[in-house]
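Content type compact mmCIF, C-alpha atoms, from the file start.txt:
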```txt
# COMPACT_ATOMS: atom_id res chain seq x y z
CA MET P 1 6.89 35.43 5.82
CA ASN P 2 3.81 35.05 8.03
CA ALA P 3 2.16 38.17 9.38
CA PRO P 4 2.58 38.63 13.15
CA ASP P 5 -0.35 37.70 15.38
CA SER P 6 -2.59 40.58 16.38
CA PRO P 7 -2.64 41.72 20.03
CA HIS P 8 -6.16 40.28 20.31
CA THR P 9 -4.98 36.87 19.03
CA LEU P 10 -1.99 36.89 21.37
CA ALA P 11 -4.19 37.77 24.36
CA ALA P 12 -6.67 35.03 23.48
CA ARG P 13 -3.88 32.50 23.10
CA SER P 14 -2.33 33.42 26.46
CA ALA P 15 -5.72 32.80 28.09
CA LEU P 16 -6.18 29.45 26.32
CA PRO P 17 -4.30 27.30 28.88
CA ASP P 18 -6.48 28.73 31.66
CA LEU P 19 -9.62 28.01 29.62
CA MET P 20 -8.62 24.39 28.99
CA LEU P 21 -7.62 23.80 32.61
CA ALA P 22 -11.00 25.20 33.69
CA LEU P 23 -12.83 22.88 31.32
CA GLY P 24 -10.75 19.96 32.61
CA SER P 25 -11.32 20.63 36.29
CA GLN P 26 -15.05 21.19 35.74
CA ALA P 27 -15.31 17.94 33.77
CA LYS P 28 -13.47 16.04 36.52
CA ALA P 29 -15.86 17.35 39.17
CA ALA P 30 -18.89 16.61 36.97
CA SER P 31 -17.68 13.05 36.32
CA ALA P 32 -18.07 12.22 40.02
CA HIS P 33 -21.73 13.31 39.88
CA MET P 34 -22.31 11.37 36.64
CA ALA P 35 -20.76 8.19 38.05
CA ARG P 36 -23.31 8.06 40.87
CA ALA P 37 -26.34 9.25 38.85
CA SER P 38 -29.22 6.80 38.73
CA ALA P 39 -30.22 5.05 35.53
CA ALA P 40 -33.59 6.82 35.63
CA THR P 41 -31.95 10.24 35.85
CA LYS P 42 -29.60 9.57 32.93
CA ASN P 43 -32.45 8.18 30.84
CA ARG P 44 -34.56 11.23 31.60
CA ALA P 45 -31.81 13.47 30.21
CA LEU P 46 -31.53 11.33 27.07
CA SER P 47 -35.28 11.35 26.43
CA ALA P 48 -35.38 15.11 26.93
CA LEU P 49 -32.50 15.54 24.48
CA ALA P 50 -34.32 13.49 21.84
CA GLY P 51 -37.36 15.74 22.25
CA LEU P 52 -35.29 18.90 21.95
CA LEU P 53 -33.57 17.68 18.79
CA ARG P 54 -36.97 17.16 17.15
CA SER P 55 -38.52 20.41 18.37
CA GLN P 56 -35.54 22.58 17.45
CA ILE P 57 -34.90 21.42 13.87
CA ALA P 58 -35.33 24.89 12.36
CA PRO P 59 -32.86 26.71 14.69
CA LEU P 60 -30.37 23.87 14.35
CA GLN P 61 -30.52 23.98 10.56
CA ALA P 62 -30.18 27.78 10.62
CA ALA P 63 -26.94 27.42 12.60
CA ASN P 64 -25.81 24.64 10.26
CA ALA P 65 -26.50 26.83 7.22
CA LEU P 66 -23.98 29.38 8.51
CA ASP P 67 -21.33 26.66 8.72
CA LEU P 68 -22.20 25.31 5.26
CA GLN P 69 -22.01 28.77 3.68
CA ARG P 70 -18.63 29.49 5.26
CA ALA P 71 -17.27 26.04 4.35
CA ALA P 72 -18.40 26.33 0.71
CA ALA P 73 -16.84 29.78 0.44
CA ALA P 74 -13.60 28.35 1.82
CA GLY P 75 -13.61 25.67 -0.88
CA LEU P 76 -14.24 22.67 1.36
CA ALA P 77 -14.34 19.47 -0.74
CA GLY P 78 -17.61 17.67 -1.55
CA PRO P 79 -17.26 14.73 0.87
CA MET P 80 -16.44 17.11 3.74
CA LEU P 81 -19.45 19.31 2.94
CA ASP P 82 -21.61 16.21 2.92
CA ARG P 83 -20.39 15.29 6.40
CA LEU P 84 -21.12 18.82 7.64
CA LYS P 85 -24.85 18.79 6.76
CA LEU P 86 -27.46 18.56 9.52
CA ASP P 87 -30.48 17.47 7.51
CA ALA P 88 -33.75 16.23 9.00
CA LYS P 89 -32.76 12.59 8.53
CA THR P 90 -29.48 13.07 10.42
CA LEU P 91 -31.24 14.82 13.30
CA GLU P 92 -33.89 12.09 13.49
CA THR P 93 -31.16 9.43 13.53
CA VAL P 94 -29.38 11.00 16.50
CA ALA P 95 -32.69 11.57 18.30
CA LEU P 96 -33.54 7.88 17.82
CA GLY P 97 -30.05 7.05 19.08
CA CYS P 98 -30.76 8.94 22.31
CA GLU P 99 -34.04 7.02 22.75
CA GLN P 100 -32.36 3.72 21.94
CA LEU P 101 -29.73 4.43 24.59
CA ALA P 102 -32.39 5.39 27.14
CA ALA P 103 -34.16 2.06 26.52
CA MET P 104 -31.01 0.01 27.02
CA PRO P 105 -30.04 -1.54 30.37
CA ASP P 106 -27.64 0.47 32.50
CA VAL P 107 -24.36 -1.45 32.64
CA ILE P 108 -22.76 0.80 35.27
CA GLY P 109 -22.31 -1.09 38.53
CA GLU P 110 -22.89 -4.45 36.85
CA ILE P 111 -20.77 -7.22 38.42
CA ILE P 112 -19.64 -10.03 36.14
CA GLY P 113 -17.71 -13.27 36.57
CA MET P 114 -18.18 -13.57 40.33
CA LYS P 115 -16.45 -16.80 41.46
CA GLN P 116 -15.80 -18.39 44.82
CA GLN P 117 -12.10 -18.98 45.54
CA PRO P 118 -10.58 -21.74 47.72
CA SER P 119 -9.82 -19.13 50.39
CA GLY P 120 -13.54 -18.36 50.75
CA ILE P 121 -13.47 -14.93 49.08
CA ARG P 122 -15.61 -14.25 46.02
CA VAL P 123 -13.93 -12.33 43.18
CA GLY P 124 -15.62 -10.59 40.24
CA GLN P 125 -15.41 -7.47 38.12
CA MET P 126 -17.58 -4.35 38.28
CA ARG P 127 -18.20 -2.13 35.27
CA VAL P 128 -17.52 1.55 36.04
CA PRO P 129 -17.27 4.78 33.99
CA ILE P 130 -13.88 5.74 32.58
CA GLY P 131 -14.28 9.26 34.03
CA VAL P 132 -13.59 12.03 31.50
CA PHE P 133 -13.06 11.54 27.80
CA GLY P 134 -11.96 14.13 25.30
CA MET P 135 -13.54 13.92 21.86
CA ILE P 136 -11.79 15.59 18.91
CA TYR P 137 -13.65 15.42 15.62
CA GLU P 138 -13.96 17.05 12.22
CA SER P 139 -16.94 18.11 10.12
CA ARG P 140 -19.75 15.88 11.38
CA PRO P 141 -21.78 17.91 13.92
CA ASN P 142 -23.97 14.88 14.70
CA VAL P 143 -20.93 13.53 16.58
CA THR P 144 -21.65 16.19 19.22
CA ILE P 145 -24.91 14.39 20.08
CA GLU P 146 -23.50 10.89 19.71
CA ALA P 147 -20.63 11.69 22.09
CA ALA P 148 -22.83 13.57 24.55
CA SER P 149 -25.53 10.88 24.67
CA LEU P 150 -22.98 8.11 25.22
CA ALA P 151 -21.28 10.15 27.94
CA ILE P 152 -24.61 10.55 29.73
CA LYS P 153 -25.61 6.87 29.46
CA SER P 154 -22.16 5.62 30.51
CA GLY P 155 -21.93 7.98 33.49
CA ASN P 156 -18.94 9.89 32.13
CA ALA P 157 -18.15 13.53 31.55
CA CYS P 158 -16.75 14.69 28.22
CA ILE P 159 -14.97 17.64 26.63
CA LEU P 160 -15.86 18.03 22.96
CA ARG P 161 -13.69 19.78 20.41
CA GLY P 162 -15.37 19.84 17.01
CA GLY P 163 -13.90 21.17 13.80
CA SER P 164 -13.83 24.92 13.22
CA GLU P 165 -15.98 24.39 10.10
CA ALA P 166 -18.89 23.17 12.30
CA ILE P 167 -18.57 25.62 15.21
CA GLU P 168 -22.07 27.17 14.91
CA SER P 169 -23.78 23.79 14.55
CA ASN P 170 -21.85 22.34 17.47
CA LYS P 171 -22.63 25.31 19.74
CA ALA P 172 -26.35 24.98 18.97
CA LEU P 173 -26.32 21.22 19.64
CA ALA P 174 -24.25 21.52 22.83
CA ALA P 175 -26.69 24.10 24.18
CA LEU P 176 -29.52 21.57 23.79
CA VAL P 177 -27.45 18.91 25.58
CA GLN P 178 -26.86 21.22 28.54
CA GLN P 179 -30.56 22.12 28.61
CA ALA P 180 -31.42 18.40 28.83
CA LEU P 181 -28.80 17.81 31.55
CA GLN P 182 -30.10 20.71 33.61
CA GLY P 183 -33.68 19.51 33.29
CA ALA P 184 -32.69 16.11 34.66
CA GLY P 185 -30.76 17.59 37.59
CA LEU P 186 -27.34 16.65 36.20
CA PRO P 187 -24.34 19.01 36.07
CA LEU P 188 -24.06 21.18 32.95
CA GLU P 189 -20.31 20.57 32.96
CA ALA P 190 -20.84 16.87 32.22
CA VAL P 191 -20.77 17.84 28.53
CA GLN P 192 -18.64 20.84 27.57
CA LEU P 193 -17.82 22.12 24.10
CA VAL P 194 -14.46 23.84 23.63
CA PRO P 195 -15.72 27.30 22.60
CA THR P 196 -12.70 28.34 20.52
CA THR P 197 -11.56 27.28 17.04
CA ASP P 198 -7.90 27.84 18.00
CA ARG P 199 -5.96 24.71 17.04
CA GLU P 200 -3.80 25.08 20.15
CA ALA P 201 -6.79 23.91 22.21
CA VAL P 202 -6.32 20.38 20.82
CA GLY P 203 -2.68 20.30 21.89
CA LEU P 204 -3.68 21.29 25.41
CA LEU P 205 -6.62 18.88 25.66
CA ILE P 206 -4.51 15.84 24.75
CA THR P 207 -1.85 16.67 27.34
CA MET P 208 -4.03 16.95 30.48
CA PRO P 209 -3.80 13.49 32.08
CA GLN P 210 -4.73 15.00 35.44
CA TYR P 211 -8.22 15.67 34.05
CA VAL P 212 -8.71 13.57 30.91
CA ASP P 213 -8.70 9.76 31.03
CA VAL P 214 -8.92 8.95 27.32
CA ILE P 215 -8.91 10.82 24.00
CA ILE P 216 -11.08 9.75 21.07
CA PRO P 217 -10.18 11.37 17.74
CA ARG P 218 -12.61 11.07 14.84
CA GLY P 219 -11.53 12.57 11.56
CA GLY P 220 -8.90 12.46 8.87
CA LYS P 221 -5.71 10.46 9.00
CA GLY P 222 -3.58 13.56 9.61
CA LEU P 223 -5.57 14.54 12.70
CA ILE P 224 -5.48 11.04 14.18
CA GLU P 225 -1.76 10.58 13.49
CA ARG P 226 -1.00 13.89 15.19
CA ILE P 227 -3.06 13.04 18.26
CA SER P 228 -1.62 9.52 18.52
CA ARG P 229 1.88 11.00 18.37
CA ASP P 230 1.44 13.89 20.82
CA ALA P 231 -1.15 12.70 23.36
CA LYS P 232 -0.13 12.09 26.96
CA VAL P 233 -3.31 10.12 27.67
CA PRO P 234 -4.55 6.87 26.04
CA VAL P 235 -6.12 7.20 22.56
CA ILE P 236 -8.94 5.11 21.02
CA LYS P 237 -8.53 5.43 17.27
CA HIS P 238 -8.67 4.23 13.70
CA LEU P 239 -6.63 5.82 10.93
CA ASP P 240 -8.30 4.60 7.71
CA GLY P 241 -11.47 2.95 6.47
CA ASN P 242 -10.13 0.83 3.61
CA CYS P 243 -13.00 -1.70 3.65
CA HIS P 244 -13.45 -4.64 1.26
CA VAL P 245 -16.22 -6.76 -0.20
CA TYR P 246 -15.16 -10.23 -1.38
CA VAL P 247 -17.50 -11.99 -3.83
CA ASP P 248 -16.95 -15.71 -3.33
CA ASP P 249 -17.43 -18.76 -5.52
CA PRO P 250 -20.18 -19.93 -5.00
CA CYS P 251 -22.44 -16.93 -4.35
CA ASP P 252 -25.87 -15.57 -5.18
CA ILE P 253 -24.90 -13.24 -8.06
CA ALA P 254 -28.00 -11.03 -7.80
CA MET P 255 -27.54 -10.61 -4.03
CA ALA P 256 -23.82 -9.95 -4.47
CA VAL P 257 -24.51 -7.19 -7.02
CA THR P 258 -27.02 -5.53 -4.66
CA VAL P 259 -24.72 -5.68 -1.63
CA ALA P 260 -21.54 -4.63 -3.47
CA ASP P 261 -23.44 -1.68 -4.97
CA ASN P 262 -24.78 -0.58 -1.57
CA ALA P 263 -21.42 -0.99 0.16
CA LYS P 264 -19.82 1.42 -2.31
CA THR P 265 -22.48 3.84 -3.51
CA GLN P 266 -25.07 4.26 -0.72
CA LYS P 267 -22.80 7.03 0.56
CA TYR P 268 -19.21 7.68 -0.47
CA SER P 269 -17.88 9.67 2.48
CA PRO P 270 -18.22 7.32 5.50
CA CYS P 271 -15.32 5.23 6.75
CA ASN P 272 -17.39 2.04 6.36
CA ALA P 273 -17.99 2.50 2.62
CA SER P 274 -16.28 -0.23 0.59
CA GLU P 275 -13.11 0.89 -1.20
CA GLY P 276 -11.98 -2.50 -2.54
CA LEU P 277 -13.86 -5.24 -4.41
CA LEU P 278 -12.36 -8.73 -4.63
CA VAL P 279 -14.00 -11.30 -6.92
CA ALA P 280 -13.36 -15.03 -7.08
CA ARG P 281 -12.22 -16.11 -10.54
CA GLY P 282 -15.01 -18.69 -10.81
CA VAL P 283 -17.76 -16.02 -10.72
CA ALA P 284 -15.89 -13.04 -12.20
CA ALA P 285 -17.26 -13.35 -15.74
CA ALA P 286 -20.85 -13.54 -14.45
CA PHE P 287 -20.54 -10.91 -11.70
CA LEU P 288 -18.20 -8.15 -12.88
CA PRO P 289 -20.14 -6.95 -15.96
CA LYS P 290 -23.28 -6.63 -13.84
CA ILE P 291 -21.70 -4.63 -11.00
CA GLY P 292 -19.57 -2.72 -13.52
CA ALA P 293 -22.68 -1.53 -15.37
CA LEU P 294 -24.17 -0.26 -12.10
CA TYR P 295 -20.95 1.51 -11.12
CA ALA P 296 -20.63 3.04 -14.59
CA ALA P 297 -24.20 4.37 -14.43
CA LYS P 298 -23.37 6.04 -11.11
CA GLY P 299 -20.07 7.49 -12.31
CA VAL P 300 -17.86 5.25 -10.18
CA GLU P 301 -14.29 5.00 -11.49
CA MET P 302 -12.95 1.41 -11.42
CA ARG P 303 -9.23 0.82 -10.86
CA CYS P 304 -8.60 -2.78 -11.81
CA ASP P 305 -6.04 -5.52 -12.09
CA ALA P 306 -5.48 -6.87 -15.62
CA GLU P 307 -8.06 -9.65 -15.31
CA ALA P 308 -10.86 -7.40 -14.03
CA GLN P 309 -9.94 -4.72 -16.56
CA THR P 310 -10.42 -7.20 -19.42
CA LEU P 311 -13.92 -8.09 -18.17
CA LEU P 312 -14.97 -4.45 -17.63
CA ALA P 313 -13.23 -2.46 -20.36
CA LYS P 314 -15.99 -2.80 -23.00
CA LEU P 315 -18.85 -1.62 -20.77
CA PRO P 316 -20.53 1.48 -22.27
CA GLY P 317 -19.61 4.63 -20.38
CA ALA P 318 -17.39 2.84 -17.87
CA LYS P 319 -14.27 4.54 -16.59
CA VAL P 320 -11.88 1.61 -16.15
CA LEU P 321 -8.22 2.22 -15.31
CA ALA P 322 -5.27 0.00 -14.45
CA ALA P 323 -4.75 -0.16 -10.67
CA THR P 324 -1.41 0.74 -9.12
CA GLU P 325 -0.01 -0.91 -6.00
CA GLN P 326 -1.11 2.14 -3.99
CA ASP P 327 -4.73 1.64 -5.06
CA TRP P 328 -4.99 -1.53 -2.96
CA TYR P 329 -4.19 0.56 0.15
CA GLU P 330 -6.33 3.57 -0.72
CA GLU P 331 -9.31 5.01 1.20
CA TYR P 332 -10.94 7.05 -1.56
CA LEU P 333 -14.02 8.50 0.19
CA ALA P 334 -15.17 9.18 -3.37
CA PRO P 335 -16.81 7.41 -6.35
CA ILE P 336 -13.68 5.31 -6.98
CA ILE P 337 -13.17 1.61 -6.21
CA SER P 338 -10.30 -0.83 -6.66
CA ILE P 339 -11.22 -4.21 -8.20
CA LYS P 340 -9.16 -7.40 -8.25
CA VAL P 341 -9.87 -10.96 -9.38
CA VAL P 342 -8.55 -13.56 -6.91
CA ALA P 343 -8.27 -17.32 -7.08
CA ASP P 344 -10.27 -18.17 -3.97
CA VAL P 345 -11.12 -17.29 -0.38
CA ASP P 346 -7.51 -17.89 0.73
CA GLU P 347 -6.16 -15.28 -1.67
CA ALA P 348 -8.95 -12.87 -0.72
CA ILE P 349 -8.11 -13.18 2.99
CA ALA P 350 -4.39 -12.72 2.31
CA HIS P 351 -5.09 -9.59 0.23
CA ILE P 352 -7.36 -8.09 2.89
CA ASN P 353 -4.98 -8.76 5.76
CA LYS P 354 -2.13 -7.17 3.79
CA TYR P 355 -3.83 -4.08 2.37
CA SER P 356 -6.90 -3.31 4.48
CA SER P 357 -7.03 -0.91 7.41
CA HIS P 358 -8.62 -3.65 9.58
CA HIS P 359 -11.86 -1.68 9.84
CA THR P 360 -14.65 -3.70 8.13
CA ASP P 361 -14.56 -6.45 5.52
CA ALA P 362 -17.35 -8.64 4.09
CA ILE P 363 -17.72 -11.94 2.24
CA LEU P 364 -20.66 -12.68 -0.05
CA THR P 365 -20.99 -16.45 -0.29
CA ARG P 366 -23.18 -19.54 -0.32
CA ASP P 367 -20.43 -21.68 1.23
CA HIS P 368 -20.74 -22.02 5.01
CA MET P 369 -17.15 -23.21 5.46
CA HIS P 370 -15.80 -20.27 3.45
CA ALA P 371 -17.88 -17.91 5.58
CA GLN P 372 -16.54 -19.41 8.81
CA GLN P 373 -12.96 -19.26 7.54
CA PHE P 374 -13.40 -15.60 6.55
CA LEU P 375 -14.84 -14.74 9.99
CA ARG P 376 -11.97 -16.48 11.78
CA GLU P 377 -9.04 -15.34 9.66
CA VAL P 378 -9.79 -11.77 8.52
CA ASP P 379 -8.04 -9.53 11.06
CA SER P 380 -10.52 -6.65 11.15
CA ALA P 381 -12.65 -4.95 13.80
CA SER P 382 -15.90 -5.93 12.03
CA VAL P 383 -16.21 -8.96 9.72
CA MET P 384 -19.45 -9.64 7.85
CA VAL P 385 -21.13 -12.42 5.90
CA ASN P 386 -23.66 -11.52 3.16
CA ALA P 387 -24.14 -7.94 4.37
CA SER P 388 -23.00 -4.47 3.33
CA THR P 389 -19.98 -2.94 5.07
CA ARG P 390 -22.17 0.15 5.58
CA PHE P 391 -23.72 -1.64 8.59
CA ALA P 392 -20.48 -1.17 10.60
CA ASP P 393 -22.00 1.52 12.77
CA GLY P 394 -22.93 1.77 16.42
CA PHE P 395 -26.56 2.65 15.68
CA GLU P 396 -26.94 -0.26 13.23
CA PHE P 397 -25.23 -2.63 15.68
CA GLY P 398 -27.79 -1.73 18.36
CA LEU P 399 -25.35 0.25 20.53
CA GLY P 400 -27.65 3.29 20.51
CA ALA P 401 -24.88 5.46 19.17
CA GLU P 402 -21.16 5.23 18.67
CA ILE P 403 -18.32 7.40 19.83
CA GLY P 404 -16.23 6.19 16.92
CA ILE P 405 -14.78 3.01 15.47
CA SER P 406 -11.62 1.52 16.90
CA THR P 407 -9.17 -0.62 14.96
CA ASP P 408 -6.99 -0.97 18.06
CA LYS P 409 -6.94 -4.39 19.71
CA PHE P 410 -6.85 -3.27 23.33
CA HIS P 411 -9.81 -2.09 25.41
CA ALA P 412 -12.22 -1.33 22.56
CA ARG P 413 -12.46 -2.67 19.00
CA GLY P 414 -15.03 -1.91 16.31
CA PRO P 415 -17.89 0.55 16.95
CA VAL P 416 -17.37 1.99 20.45
CA GLY P 417 -20.60 2.29 22.42
CA ILE P 418 -21.44 2.31 26.13
CA GLU P 419 -19.18 -0.56 27.16
CA GLY P 420 -16.24 0.97 25.28
CA LEU P 421 -16.53 4.00 27.57
CA THR P 422 -16.32 1.92 30.73
CA SER P 423 -13.62 0.11 32.63
CA LEU P 424 -13.66 -3.01 34.79
CA LYS P 425 -12.36 -3.08 38.34
CA TYR P 426 -12.00 -6.15 40.50
CA VAL P 427 -14.31 -6.46 43.49
CA VAL P 428 -13.76 -8.93 46.31
CA LEU P 429 -16.50 -10.04 48.73
CA GLY P 430 -15.48 -11.74 51.94
CA GLN P 431 -16.70 -12.71 55.40
CA GLY P 432 -13.61 -11.97 57.42
CA GLU P 433 -11.16 -14.16 55.47
CA VAL P 434 -7.44 -13.54 56.03
CA ARG P 435 -4.55 -14.82 54.00
CA GLY P 436 -2.47 -17.59 55.60
```
Step by step, read the file and then write its structure as structure tokens.
Amino acid sequence: MNAPDSPHTLAARSALPDLMLALGSQAKAASAHMARASAATKNRALSALAGLLRSQIAPLQAANALDLQRAAAAGLAGPMLDRLKLDAKTLETVALGCEQLAAMPDVIGEIIGMKQQPSGIRVGQMRVPIGVFGMIYESRPNVTIEAASLAIKSGNACILRGGSEAIESNKALAALVQQALQGAGLPLEAVQLVPTTDREAVGLLITMPQYVDVIIPRGGKGLIERISRDAKVPVIKHLDGNCHVYVDDPCDIAMAVTVADNAKTQKYSPCNASEGLLVARGVAAAFLPKIGALYAAKGVEMRCDAEAQTLLAKLPGAKVLAATEQDWYEEYLAPIISIKVVADVDEAIAHINKYSSHHTDAILTRDHMHAQQFLREVDSASVMVNASTRFADGFEFGLGAEIGISTDKFHARGPVGIEGLTSLKYVVLGQGEVRG
């Protein structure tokens, strides 16, 4: 039987709805200011934020150390601890992202597709901010800056709810964001961090359509499934990152080994790391022992179909197991990869479209027609030719930063940057025309 909540907990929980409504109403008011802010003002805030991130590395890492110590003591798994770290490289990446955003054109107010109609009116579409987005995320504190910087550039307001394991890091980062906003003359409430770790705050945030226009969850499958099920506002989401590399016949074997290695082992925890390796039968005998030796040296467990297992089983030190049906669906986020030998590009595409999470899939090939077929027929948010799946990232795609990756097909798909946080409204220009 669970122990009853303390009077302090009960009092805090009774005040939670008021807290969330206050955050919502403040964000709504701030969004009106952000929507009319000039490009120069928004860029000034972004440049200031980049400077603060570089000048405050020591205090930020001190706050992050508190989170890391608490998480390690609580037994948080290795990949989650890795995502929680705010090292110098991570901070420099988000600072560069702020500067990249500041250097990009401002799309707000842009009018596209203006066409004269037979009636005399001209009709086009104007890009405008969505308004207020709620961001719910786990572990990665750098998401606080990515979300905040994209909110600023896109003229939106946001309410951020990070994981309880990163609360100190997120508070320190959010304070810098508000300092940058204030310095640029923008409302502090344009970026607000939910200050409590109470899980009930999430349930309230996703059911405030009067204040919140879209919810963006970024975390584990359980979190995203819960939000998709319970939200009363639209959700931009992806559930899994079961990404594939397909090694085609013909291909450059040396290049394929390099790319397949990077796609899996450069970092195991991101959603764009490759979890499945498909190899055309015509190159399997030449390719698999080479990549298998690399994986074995790095401690990567290989779960294989019978054909791949035969080619890999005798490698010294290799951990080679028979794959189950579930392995083809699995997002490991660990040094484990599924490997299957396929007949050709058609079988590879069929396998990917059946088992993948439609996040990111790549073909390594010398055949232009195979590459074009793969690009057309693979039903994923990002499809690549002769490149690592690890490039599926807003920063690497030149978006400045990303709010997340969407595997939905409506509104936003793939890495969601500035344009994914905007909407289009029709505008009509006339000279007194009336309808007959």
Find the residues near Lys264 (chain P): any atom within 6 Å, counting all atoms listed in the file, skip ones fewer than 3 places away on the same chain, and give them as a compact mmCIF listing (two decimals) with C-alpha atoms, keeping the file's coordinate frame.
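Resulting contents of result.txt:
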```
# COMPACT_ATOMS: atom_id res chain seq x y z
CA ASP P 261 -23.44 -1.68 -4.97
CA ALA P 273 -17.99 2.50 2.62
CA SER P 274 -16.28 -0.23 0.59
```
Distance criterion (only C-alpha atoms): nearest to His33 (chain P) out of P:Met20, P:Val132, P:Met384, P:Ala74: P:Val132
Nearby residues (all atoms listed in the file) at most 12 Å from Ile216 (chain P), same-chain spacing under 5 positions excluded, as JSON, numbers by chain: {"P": [132, 133, 134, 135, 136, 137, 138, 143, 147, 158, 159, 160, 161, 162, 202, 205, 206, 223, 224, 227, 228, 231, 233, 234, 235, 236, 237, 238, 239, 402, 403, 404, 405, 406, 408, 412, 416, 420, 421]}
Among listed residues P:Pro141, P:Pro270, P:Gly417, P:Pro335, nearest Ser154 (chain P) (using only C-alpha atoms): P:Gly417
Distance query region 281-297 of chain P at most 10 Å, all atoms listed in the file, self and fewer than 2 positions along chain excluded, as a ChimeraX atom specification: /P:247-254,256-261,264-265,277-279,299-302,307-320,335-337,339-344
CA of Cys271 (chain P) to CA of Ala371 (chain P), straight-line distance in Å: 23.3 Å
Name all residues at most 9 Å from region 44-47 of chain P (count all atoms listed in the file; drop same-chain ones fewer than 5 positions away) and give them as a CSV table (one decimal) with C-alpha atoms, keeping the file's coordinate frame.
```
chain,number,residue,atom,x,y,z
P,39,ALA,CA,-30.2,5.0,35.5
P,52,LEU,CA,-35.3,18.9,22.0
P,95,ALA,CA,-32.7,11.6,18.3
P,98,CYS,CA,-30.8,8.9,22.3
P,99,GLU,CA,-34.0,7.0,22.8
P,101,LEU,CA,-29.7,4.4,24.6
P,102,ALA,CA,-32.4,5.4,27.1
P,149,SER,CA,-25.5,10.9,24.7
P,152,ILE,CA,-24.6,10.6,29.7
P,153,LYS,CA,-25.6,6.9,29.5
P,177,VAL,CA,-27.4,18.9,25.6
P,179,GLN,CA,-30.6,22.1,28.6
P,180,ALA,CA,-31.4,18.4,28.8
P,181,LEU,CA,-28.8,17.8,31.6
P,182,GLN,CA,-30.1,20.7,33.6
P,183,GLY,CA,-33.7,19.5,33.3
P,184,ALA,CA,-32.7,16.1,34.7
P,185,GLY,CA,-30.8,17.6,37.6
P,186,LEU,CA,-27.3,16.6,36.2
```
Distance of CA of Arg36 (chain P) from CA of Leu19 (chain P), expressed in Å to one decimal place: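 Atom-to-atom, CA of Leu19 (chain P) and CA of Arg36 (chain P) are spaced 26.7 Å apart.
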Counting all atoms listed in the file, the option among P:Glu146, P:Glu168, P:Asp82, P:Asp305 closest to Ala62 (chain P): P:Glu168
Å distance separating CA of Ala29 (chain P) from CA of Leu96 (chain P), one decimal place: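 Those two atoms sit 29.3 Å apart.
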Which residue of P:Glu110, P:Gly24, P:Gln373, P:Ser14 approaches Asp198 (chain P) most closely, using all atoms listed in the file: P:Ser14
Which residue of P:Leu333, P:Arg303, P:Ile145, P:Asn386 approaches Pro79 (chain P) most closely, using all atoms listed in the file: P:Leu333
